[in-house]
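What follows is the content of my_file.cif (mmCIF, C-alpha atoms).
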data_run
#
loop_
_atom_site.label_atom_id
_atom_site.label_comp_id
_atom_site.auth_asym_id
_atom_site.auth_seq_id
_atom_site.Cartn_x
_atom_site.Cartn_y
_atom_site.Cartn_z
CA MET A 28 104.99 57.23 -135.62
CA SER A 29 105.54 57.01 -131.90
CA ASP A 30 107.02 59.87 -129.93
CA ARG A 31 108.05 57.53 -127.19
CA ASP A 32 111.21 56.27 -128.87
CA ASP A 33 113.62 57.74 -126.31
CA ILE A 34 111.41 56.73 -123.42
CA ASP A 35 111.10 53.19 -124.79
CA ALA A 36 114.85 52.99 -125.29
CA LEU A 37 115.40 54.15 -121.73
CA ILE A 38 112.98 51.51 -120.43
CA GLU A 39 114.82 48.85 -122.44
CA LEU A 40 118.19 49.92 -121.00
CA MET A 41 116.87 50.06 -117.44
CA ALA A 42 115.41 46.56 -117.87
CA ARG A 43 118.96 45.30 -118.41
CA LEU A 44 120.01 46.29 -114.90
CA PRO A 45 120.23 43.45 -112.40
CA GLY A 46 117.10 43.32 -110.27
CA LEU A 47 114.90 45.10 -112.81
CA GLY A 48 112.74 43.48 -115.48
CA PRO A 49 110.60 45.05 -118.21
CA ARG A 50 107.72 45.78 -115.83
CA SER A 51 109.77 47.34 -113.05
CA ALA A 52 111.82 49.27 -115.62
CA ARG A 53 108.58 50.81 -116.95
CA ARG A 54 107.55 51.68 -113.43
CA ALA A 55 110.95 53.19 -112.69
CA VAL A 56 110.98 55.28 -115.87
CA LEU A 57 107.46 56.59 -115.28
CA HIS A 58 108.52 57.50 -111.76
CA LEU A 59 111.59 59.27 -113.17
CA VAL A 60 109.53 61.23 -115.67
CA ARG A 61 107.13 62.34 -112.95
CA LYS A 62 109.96 63.43 -110.67
CA ARG A 63 111.91 65.10 -113.39
CA GLY A 64 113.43 67.90 -111.31
CA SER A 65 114.28 65.92 -108.23
CA LEU A 66 115.28 62.62 -109.81
CA LEU A 67 115.58 62.44 -113.60
CA THR A 68 117.76 65.50 -114.19
CA PRO A 69 120.16 64.71 -111.30
CA LEU A 70 120.30 61.10 -112.50
CA ALA A 71 121.21 62.20 -116.02
CA GLU A 72 123.99 64.42 -114.71
CA LEU A 73 125.36 61.82 -112.32
CA THR A 74 125.34 58.94 -114.80
CA GLN A 75 127.25 61.14 -117.22
CA LYS A 76 129.76 62.12 -114.51
CA VAL A 77 130.24 58.51 -113.43
CA ALA A 78 130.51 57.35 -117.05
CA ASP A 79 133.28 59.90 -117.53
CA SER A 80 135.16 59.30 -114.31
CA ALA A 81 134.61 55.78 -112.96
CA ARG A 82 137.57 53.45 -113.26
CA GLU A 83 139.15 50.44 -111.60
CA CYS A 84 142.02 51.08 -109.23
CA LEU A 85 145.14 49.88 -111.04
CA ASN A 86 146.50 48.54 -107.78
CA CYS A 87 143.64 46.73 -106.05
CA GLY A 88 140.72 46.65 -108.50
CA ASN A 89 138.37 48.78 -106.39
CA VAL A 90 136.00 51.02 -108.33
CA GLY A 91 136.50 54.75 -107.89
CA THR A 92 137.13 57.90 -109.82
CA SER A 93 140.92 57.87 -109.83
CA ASP A 94 143.61 55.53 -111.16
CA ILE A 95 144.69 54.65 -107.62
CA CYS A 96 141.79 54.46 -105.18
CA HIS A 97 141.59 56.38 -101.90
CA ILE A 98 142.31 53.22 -99.88
CA CYS A 99 145.51 52.45 -101.79
CA ARG A 100 146.57 56.12 -101.51
CA ASP A 101 145.91 56.28 -97.77
CA GLU A 102 149.28 55.73 -96.06
CA ARG A 103 147.53 55.00 -92.75
CA ARG A 104 146.16 51.85 -94.34
CA ALA A 105 149.63 50.50 -95.18
CA THR A 106 149.36 48.25 -92.14
CA GLY A 107 150.79 45.16 -93.76
CA LEU A 108 147.28 43.64 -93.77
CA LEU A 109 145.73 42.70 -97.10
CA CYS A 110 142.13 41.53 -97.41
CA ILE A 111 141.33 39.50 -100.53
CA VAL A 112 137.78 39.69 -101.87
CA GLU A 113 136.11 38.33 -104.97
CA ASP A 114 134.27 41.43 -106.00
CA VAL A 115 134.06 45.18 -105.50
CA ALA A 116 130.68 44.68 -103.82
CA ASP A 117 132.41 42.53 -101.20
CA LEU A 118 135.03 45.25 -100.66
CA TRP A 119 132.26 47.80 -100.11
CA ALA A 120 130.54 45.43 -97.67
CA MET A 121 133.80 45.06 -95.69
CA GLU A 122 134.24 48.85 -95.67
CA ARG A 123 130.70 49.38 -94.37
CA SER A 124 131.59 47.34 -91.30
CA GLY A 125 134.34 49.90 -90.66
CA GLN A 126 136.47 47.30 -88.89
CA PHE A 127 139.24 46.61 -91.34
CA ILE A 128 142.16 49.01 -91.43
CA GLY A 129 144.37 47.45 -94.09
CA ARG A 130 144.12 47.43 -97.85
CA TYR A 131 142.18 45.24 -100.25
CA HIS A 132 142.80 43.17 -103.31
CA VAL A 133 139.82 42.50 -105.57
CA LEU A 134 140.21 39.29 -107.56
CA GLY A 135 137.36 40.03 -109.94
CA GLY A 136 135.88 36.54 -109.67
CA THR A 137 136.87 33.04 -108.65
CA LEU A 138 138.87 30.33 -110.31
CA SER A 139 136.58 28.12 -112.35
CA ALA A 140 137.59 25.15 -114.45
CA LEU A 141 134.18 25.07 -116.12
CA GLY A 142 134.12 28.81 -116.79
CA ASN A 143 137.72 28.67 -118.02
CA VAL A 144 138.87 31.22 -115.44
CA GLY A 145 142.52 30.75 -114.50
CA PRO A 146 144.80 32.74 -112.17
CA GLU A 147 145.81 35.08 -115.02
CA GLU A 148 142.23 36.25 -115.41
CA LEU A 149 141.91 36.98 -111.72
CA ARG A 150 144.53 39.56 -110.75
CA ILE A 151 146.41 36.83 -108.86
CA PRO A 152 149.80 37.66 -110.41
CA LYS A 153 149.25 41.26 -109.29
CA LEU A 154 148.47 39.95 -105.81
CA VAL A 155 151.77 38.07 -105.59
CA GLU A 156 153.55 41.18 -106.79
CA ARG A 157 151.81 43.39 -104.18
CA VAL A 158 152.59 41.03 -101.31
CA ALA A 159 156.29 41.65 -101.97
CA ALA A 160 156.08 45.33 -102.95
CA GLU A 161 153.84 46.52 -100.11
CA GLU A 162 155.51 44.52 -97.34
CA ILE A 163 152.36 42.58 -96.57
CA THR A 164 152.60 40.48 -93.41
CA GLU A 165 149.08 39.05 -93.20
CA VAL A 166 146.64 38.10 -95.95
CA ILE A 167 142.99 37.69 -94.95
CA LEU A 168 141.00 35.56 -97.35
CA ALA A 169 137.49 37.01 -97.36
CA LEU A 170 136.16 34.93 -100.22
CA ASN A 171 132.60 33.69 -100.41
CA ALA A 172 131.88 30.38 -98.71
CA THR A 173 131.05 28.72 -102.04
CA ILE A 174 132.94 25.86 -103.64
CA ASP A 175 134.58 28.14 -106.22
CA GLY A 176 135.40 30.67 -103.51
CA GLN A 177 137.03 28.05 -101.34
CA THR A 178 138.95 26.54 -104.27
CA THR A 179 140.32 29.99 -105.04
CA ALA A 180 141.22 30.49 -101.37
CA HIS A 181 143.20 27.23 -101.40
CA TYR A 182 145.00 28.21 -104.58
CA ILE A 183 146.01 31.59 -103.13
CA ALA A 184 147.04 30.01 -99.83
CA ASP A 185 149.34 27.66 -101.78
CA ALA A 186 150.78 30.50 -103.84
CA LEU A 187 151.56 32.66 -100.80
CA GLU A 188 152.54 29.95 -98.34
CA GLY A 189 155.61 30.73 -96.26
CA ARG A 190 155.65 34.38 -97.29
CA VAL A 191 152.80 35.76 -95.15
CA THR A 192 150.47 34.81 -92.33
CA LEU A 193 147.24 33.58 -93.88
CA SER A 194 143.80 33.75 -92.31
CA SER A 195 140.22 33.51 -93.43
CA LEU A 196 136.95 34.95 -92.10
CA ALA A 197 135.42 32.97 -89.25
CA GLN A 198 132.46 30.80 -90.13
CA GLY A 199 129.53 30.38 -87.78
CA VAL A 200 126.10 31.62 -86.82
CA PRO A 201 125.38 35.11 -88.25
CA ILE A 202 124.47 37.81 -85.70
CA GLY A 203 120.71 37.77 -85.28
CA GLY A 204 120.54 34.38 -86.99
CA GLU A 205 118.13 31.73 -85.77
CA LEU A 206 119.40 28.16 -85.60
CA ASP A 207 116.16 26.85 -87.02
CA TYR A 208 116.76 28.69 -90.28
CA LEU A 209 120.44 27.82 -90.70
CA ASP A 210 121.72 25.11 -93.00
CA ASP A 211 123.54 22.05 -91.70
CA GLY A 212 126.90 23.22 -93.00
CA THR A 213 126.77 26.47 -91.03
CA ILE A 214 125.71 24.69 -87.83
CA THR A 215 128.50 22.14 -88.28
CA ALA A 216 131.04 24.94 -88.83
CA ALA A 217 129.77 26.87 -85.81
CA LEU A 218 129.94 23.77 -83.65
CA THR A 219 133.44 22.84 -84.80
CA ALA A 220 134.73 26.36 -84.16
CA ARG A 221 132.91 26.75 -80.83
CA LYS A 222 134.41 29.18 -78.35
CA ARG A 223 135.06 28.53 -74.66
CA LEU A 224 133.28 31.04 -72.47
CA MET B 6 138.73 61.66 -98.46
CA SER B 7 136.74 59.25 -100.60
CA ASP B 8 136.86 59.32 -104.37
CA ARG B 9 133.56 57.54 -104.57
CA ASP B 10 131.37 60.61 -104.03
CA ASP B 11 129.74 60.58 -107.47
CA ILE B 12 129.32 56.83 -107.41
CA ASP B 13 127.78 56.98 -103.92
CA ALA B 14 125.46 59.77 -105.01
CA LEU B 15 124.40 57.71 -108.02
CA ILE B 16 123.71 54.70 -105.80
CA GLU B 17 121.61 56.89 -103.50
CA LEU B 18 119.56 58.23 -106.42
CA MET B 19 119.04 54.78 -107.92
CA ALA B 20 117.89 53.50 -104.53
CA ARG B 21 115.01 55.97 -104.73
CA LEU B 22 113.55 54.25 -107.80
CA PRO B 23 110.55 52.02 -107.15
CA GLY B 24 111.62 48.39 -106.96
CA LEU B 25 115.21 49.17 -105.98
CA GLY B 26 116.63 49.43 -102.47
CA PRO B 27 120.13 50.33 -101.29
CA ARG B 28 121.50 46.85 -101.96
CA SER B 29 120.07 46.42 -105.44
CA ALA B 30 121.05 50.00 -106.30
CA ARG B 31 124.65 49.17 -105.41
CA ARG B 32 124.49 46.06 -107.54
CA ALA B 33 122.98 48.02 -110.43
CA VAL B 34 125.60 50.77 -110.25
CA LEU B 35 128.48 48.27 -110.12
CA HIS B 36 126.96 46.54 -113.13
CA LEU B 37 126.71 49.90 -114.90
CA VAL B 38 130.33 50.77 -114.15
CA ARG B 39 131.48 47.39 -115.47
CA LYS B 40 129.45 47.75 -118.65
CA ARG B 41 130.39 51.36 -119.20
CA GLY B 42 130.40 51.29 -122.99
CA SER B 43 127.30 49.23 -123.56
CA LEU B 44 125.17 50.44 -120.68
CA LEU B 45 126.38 53.39 -118.61
CA THR B 46 127.20 55.81 -121.42
CA PRO B 47 123.99 55.11 -123.38
CA LEU B 48 122.04 55.41 -120.12
CA ALA B 49 123.60 58.79 -119.39
CA GLU B 50 122.73 60.05 -122.86
CA LEU B 51 119.19 58.70 -122.81
CA THR B 52 118.32 59.98 -119.33
CA GLN B 53 119.52 63.42 -120.41
CA LYS B 54 117.46 63.22 -123.60
CA VAL B 55 114.36 62.09 -121.73
CA ALA B 56 114.90 64.71 -119.01
CA ASP B 57 114.97 67.35 -121.75
CA SER B 58 112.07 66.10 -123.81
CA ALA B 59 109.60 64.08 -121.73
CA ARG B 60 106.30 65.79 -121.06
CA GLU B 61 102.66 65.02 -120.41
CA CYS B 62 100.28 65.25 -123.33
CA LEU B 63 98.21 68.41 -122.74
CA ASN B 64 95.17 66.63 -124.10
CA CYS B 65 95.13 63.17 -122.54
CA GLY B 66 97.92 63.08 -119.95
CA ASN B 67 99.97 60.38 -121.71
CA VAL B 68 103.74 60.69 -121.33
CA GLY B 69 105.67 61.38 -124.50
CA THR B 70 108.12 63.79 -126.01
CA SER B 71 105.68 66.25 -127.54
CA ASP B 72 102.96 68.54 -126.20
CA ILE B 73 100.26 66.47 -127.90
CA CYS B 74 101.02 62.74 -127.90
CA HIS B 75 101.07 60.55 -131.02
CA ILE B 76 97.75 58.95 -130.09
CA CYS B 77 95.97 62.29 -129.81
CA ARG B 78 97.57 63.46 -133.08
CA ASP B 79 96.59 60.30 -134.99
CA GLU B 80 93.39 61.12 -136.90
CA ARG B 81 92.69 57.41 -137.43
CA ARG B 82 92.16 57.12 -133.70
CA ALA B 83 89.38 59.74 -133.68
CA THR B 84 86.86 56.91 -133.56
CA GLY B 85 84.58 58.46 -130.99
CA LEU B 86 85.84 55.94 -128.45
CA LEU B 87 87.55 57.21 -125.31
CA CYS B 88 89.21 54.89 -122.82
CA ILE B 89 89.65 56.27 -119.31
CA VAL B 90 92.57 54.99 -117.28
CA GLU B 91 94.00 55.93 -113.90
CA ASP B 92 97.62 56.05 -114.85
CA VAL B 93 100.01 56.26 -117.79
CA ALA B 94 101.19 52.72 -116.97
CA ASP B 95 97.61 51.52 -117.54
CA LEU B 96 97.49 53.32 -120.89
CA TRP B 97 100.71 51.59 -121.92
CA ALA B 98 99.28 48.24 -120.81
CA MET B 99 96.16 48.82 -122.96
CA GLU B 100 98.36 49.81 -125.92
CA ARG B 101 100.44 46.65 -125.58
CA SER B 102 97.30 44.57 -126.11
CA GLY B 103 96.98 46.35 -129.47
CA GLN B 104 93.19 45.98 -129.40
CA PHE B 105 91.95 49.46 -128.67
CA ILE B 106 91.68 51.85 -131.58
CA GLY B 107 90.33 54.97 -129.89
CA ARG B 108 91.98 57.57 -127.71
CA TYR B 109 92.74 57.68 -124.01
CA HIS B 110 92.22 59.95 -121.08
CA VAL B 111 94.60 59.56 -118.14
CA LEU B 112 93.04 60.68 -114.85
CA GLY B 113 96.31 60.70 -112.93
CA GLY B 114 94.85 58.89 -109.92
CA THR B 115 91.51 58.15 -108.31
CA LEU B 116 89.12 60.19 -106.23
CA SER B 117 89.94 59.77 -102.58
CA ALA B 118 88.19 61.44 -99.65
CA LEU B 119 91.00 60.42 -97.29
CA GLY B 120 93.75 61.55 -99.65
CA ASN B 121 91.88 64.80 -100.33
CA VAL B 122 91.76 64.11 -104.08
CA GLY B 123 88.75 65.69 -105.76
CA PRO B 124 87.66 65.85 -109.42
CA GLU B 125 89.68 69.04 -110.00
CA GLU B 126 92.90 67.20 -109.15
CA LEU B 127 92.11 64.43 -111.60
CA ARG B 128 91.75 65.89 -115.08
CA ILE B 129 88.00 65.21 -114.86
CA PRO B 130 87.00 68.74 -116.03
CA LYS B 131 89.25 68.21 -119.06
CA LEU B 132 87.48 64.89 -119.67
CA VAL B 133 84.06 66.53 -119.76
CA GLU B 134 85.44 69.14 -122.13
CA ARG B 135 86.94 66.51 -124.44
CA VAL B 136 83.74 64.46 -124.61
CA ALA B 137 82.05 67.46 -126.22
CA ALA B 138 84.99 68.71 -128.29
CA GLU B 139 86.07 65.38 -129.81
CA GLU B 140 82.57 64.05 -130.52
CA ILE B 141 83.02 61.09 -128.23
CA THR B 142 80.21 58.53 -128.49
CA GLU B 143 81.44 55.83 -126.12
CA VAL B 144 83.48 56.11 -122.95
CA ILE B 145 85.14 52.92 -121.70
CA LEU B 146 86.00 53.00 -118.02
CA ALA B 147 89.20 50.98 -117.64
CA LEU B 148 89.82 51.84 -114.00
CA ASN B 149 91.37 49.43 -111.55
CA ALA B 150 88.97 47.10 -109.76
CA THR B 151 89.75 48.69 -106.40
CA ILE B 152 87.31 50.56 -104.19
CA ASP B 153 88.80 53.96 -105.12
CA GLY B 154 88.84 52.97 -108.79
CA GLN B 155 85.20 51.96 -108.74
CA THR B 156 84.15 55.09 -106.80
CA THR B 157 85.85 57.18 -109.46
CA ALA B 158 84.13 55.17 -112.20
CA HIS B 159 80.74 55.88 -110.61
CA TYR B 160 81.51 59.58 -110.34
CA ILE B 161 82.52 59.78 -114.00
CA ALA B 162 79.51 57.73 -115.06
CA ASP B 163 77.26 60.22 -113.23
CA ALA B 164 79.03 63.21 -114.78
CA LEU B 165 78.70 61.89 -118.34
CA GLU B 166 75.32 60.21 -118.08
CA GLY B 167 73.04 60.78 -121.07
CA ARG B 168 75.81 62.26 -123.19
CA VAL B 169 77.69 59.10 -124.18
CA THR B 170 77.42 55.33 -124.06
CA LEU B 171 79.31 54.13 -120.99
CA SER B 172 80.98 50.77 -120.58
CA SER B 173 83.57 49.22 -118.35
CA LEU B 174 86.05 46.39 -118.81
CA ALA B 175 84.58 42.92 -118.30
CA GLN B 176 85.39 41.22 -115.04
CA GLY B 177 86.06 37.51 -114.82
CA VAL B 178 88.67 34.80 -114.87
CA PRO B 179 92.00 36.03 -116.33
CA ILE B 180 93.33 34.06 -119.31
CA GLY B 181 95.55 31.30 -117.96
CA GLY B 182 94.08 31.82 -114.48
CA GLU B 183 93.38 28.86 -112.24
CA LEU B 184 90.16 28.91 -110.25
CA ASP B 185 91.93 27.58 -107.20
CA TYR B 186 94.07 30.73 -107.01
CA LEU B 187 91.30 33.25 -107.67
CA ASP B 188 89.63 35.29 -104.96
CA ASP B 189 85.93 34.95 -104.18
CA GLY B 190 85.06 38.32 -105.71
CA THR B 191 86.50 37.38 -109.10
CA ILE B 192 84.73 34.01 -109.13
CA THR B 193 81.45 35.68 -108.18
CA ALA B 194 81.90 38.27 -110.94
CA ALA B 195 82.79 35.58 -113.50
CA LEU B 196 79.75 33.51 -112.50
CA THR B 197 77.37 36.47 -112.62
CA ALA B 198 78.63 37.49 -116.07
CA ARG B 199 78.70 33.91 -117.43
CA LYS B 200 78.35 33.52 -121.17
CA ARG B 201 76.03 31.10 -122.98
CA LEU B 202 77.99 28.81 -125.27
#
Just dump the structure as structure tokens.
Amino acid sequence: MSDRDDIDALIELMARLPGLGPRSARRAVLHLVRKRGSLLTPLAELTQKVADSARECLNCGNVGTSDICHICRDERRATGLLCIVEDVADLWAMERSGQFIGRYHVLGGTLSALGNVGPEELRIPKLVERVAAEEITEVILALNATIDGQTTAHYIADALEGRVTLSSLAQGVPIGGELDYLDDGTITAALTARKRL
Amino acid sequence: MSDRDDIDALIELMARLPGLGPRSARRAVLHLVRKRGSLLTPLAELTQKVADSARECLNCGNVGTSDICHICRDERRATGLLCIVEDVADLWAMERSGQFIGRYHVLGGTLSALGNVGPEELRIPKLVERVAAEEITEVILALNATIDGQTTAHYIADALEGRVTLSSLAQGVPIGGELDYLDDGTITAALTARKRL
């Protein structure tokens, strides 16, 4: 009866993306249909390409289009530094800063007793293996400052103790942050870790 | 150097959708890559299908997959009622209510002196043609209650005067609306159009 079946199905799929609901998915699809040449057709081609080629790096868990990602392949990044992040999004955020010159290890989540997530689910055995195989000298724990993130950091610190230098990201006032808008925990952390000028 | 070119390009395209920015596009694409089987592959197929088949109805401007949309083809909807909306999204909103049994005419915008949008840009000539050809007896103006929307409504009312019965959507308190949160204009309109019980 309707000739909108494909369009409706596309709206339904788009509504399942994080950050989009039914209303914004409708708006997005209408926008796509209007900009067919400049947006919809390229999007169709790219999603197909990515669906065919995207994969997790077998070494670090980064998302790319090859079995071993460009960071793990890059010999210049074999600096003995390994940055541990929870998620690929965190890895990308670190890369955007352009400051880190080592390699990464993506855990794929945090330990969680409630969620029944143990070390085996988290690429932690692979981490221990890499620390030996890649001659890692320093492990930087760049996990989120949440309770689960910190629990996971402690677990990893225990597992690697004695084998490598361990460090974690500094905690304090974010650049551009206003004290008035910061939570007590951040202010306490910033005060505790204050720097002499 | 990077093997994320396709993924980056996809993120950039997604960020151009209304309601998504660079950050939410990244989140959406990571989500897609993780749910490749259930989300990314179907999305790739559907966007391609829609890119191939989506078109505007030559008669009313609705978006569908055929030259004449299912509403315009449905003889049961040749009731002599024609509902005029600004945008396809408005048509879909009317259809969701399931109350309207006539056909639609999508203007594709509103008249705007500043934006240099005249009647010719708006499918208004086609409207005048349809009113004669489809034996329309009543035209319902379902335009947005904005200044441009109301200007356009007046223009169309002038153009069709004497040929059809004209009506517009009632204005008043929305269902579930709380007076405290309504603007003065809506309360004034609701008071002026008050109904005897």
Taking the file as shown, find all residues satisfying the PyMOL selection byres ((chain A) within 8 of (chain B)) and write them as an NGL selection string.
-> :A and (28-31 or 33-34 or 36-37 or 40-41 or 44-47 or 51 or 53-55 or 57-60 or 63 or 66-68 or 70-78 or 81-82 or 90-93 or 96-97 or 115-116)
CA of Asn143 in chain A to CA of Asp185 in chain A: how many Å, to one decimal?
->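 For CA of Asn143 in chain A relative to CA of Asp185 in chain A, the distance reads 20.0 Å.
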Between CA of Gly167 in chain B and CA of Thr197 in chain B - distance in Å to one decimal |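 About the pair CA of Thr197 in chain B and CA of Gly167 in chain B: they are 26.1 Å apart.
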List every protein, DNA or RNA residue that has an atom no more than 10 Å from (80.4, 61.4, -119.0) in the file's coordinate frame, counting all atoms listed in the file, and report them as an MDAnalysis selection string.
-> chainID B and resid 129 132:137 141:144 158 160:171
Pick from B:Cys65, B:Ile145, B:Lys131, B:Gly154: nearest to Ser173 in chain B, with all atoms listed in the file counted?
-> B:Ile145
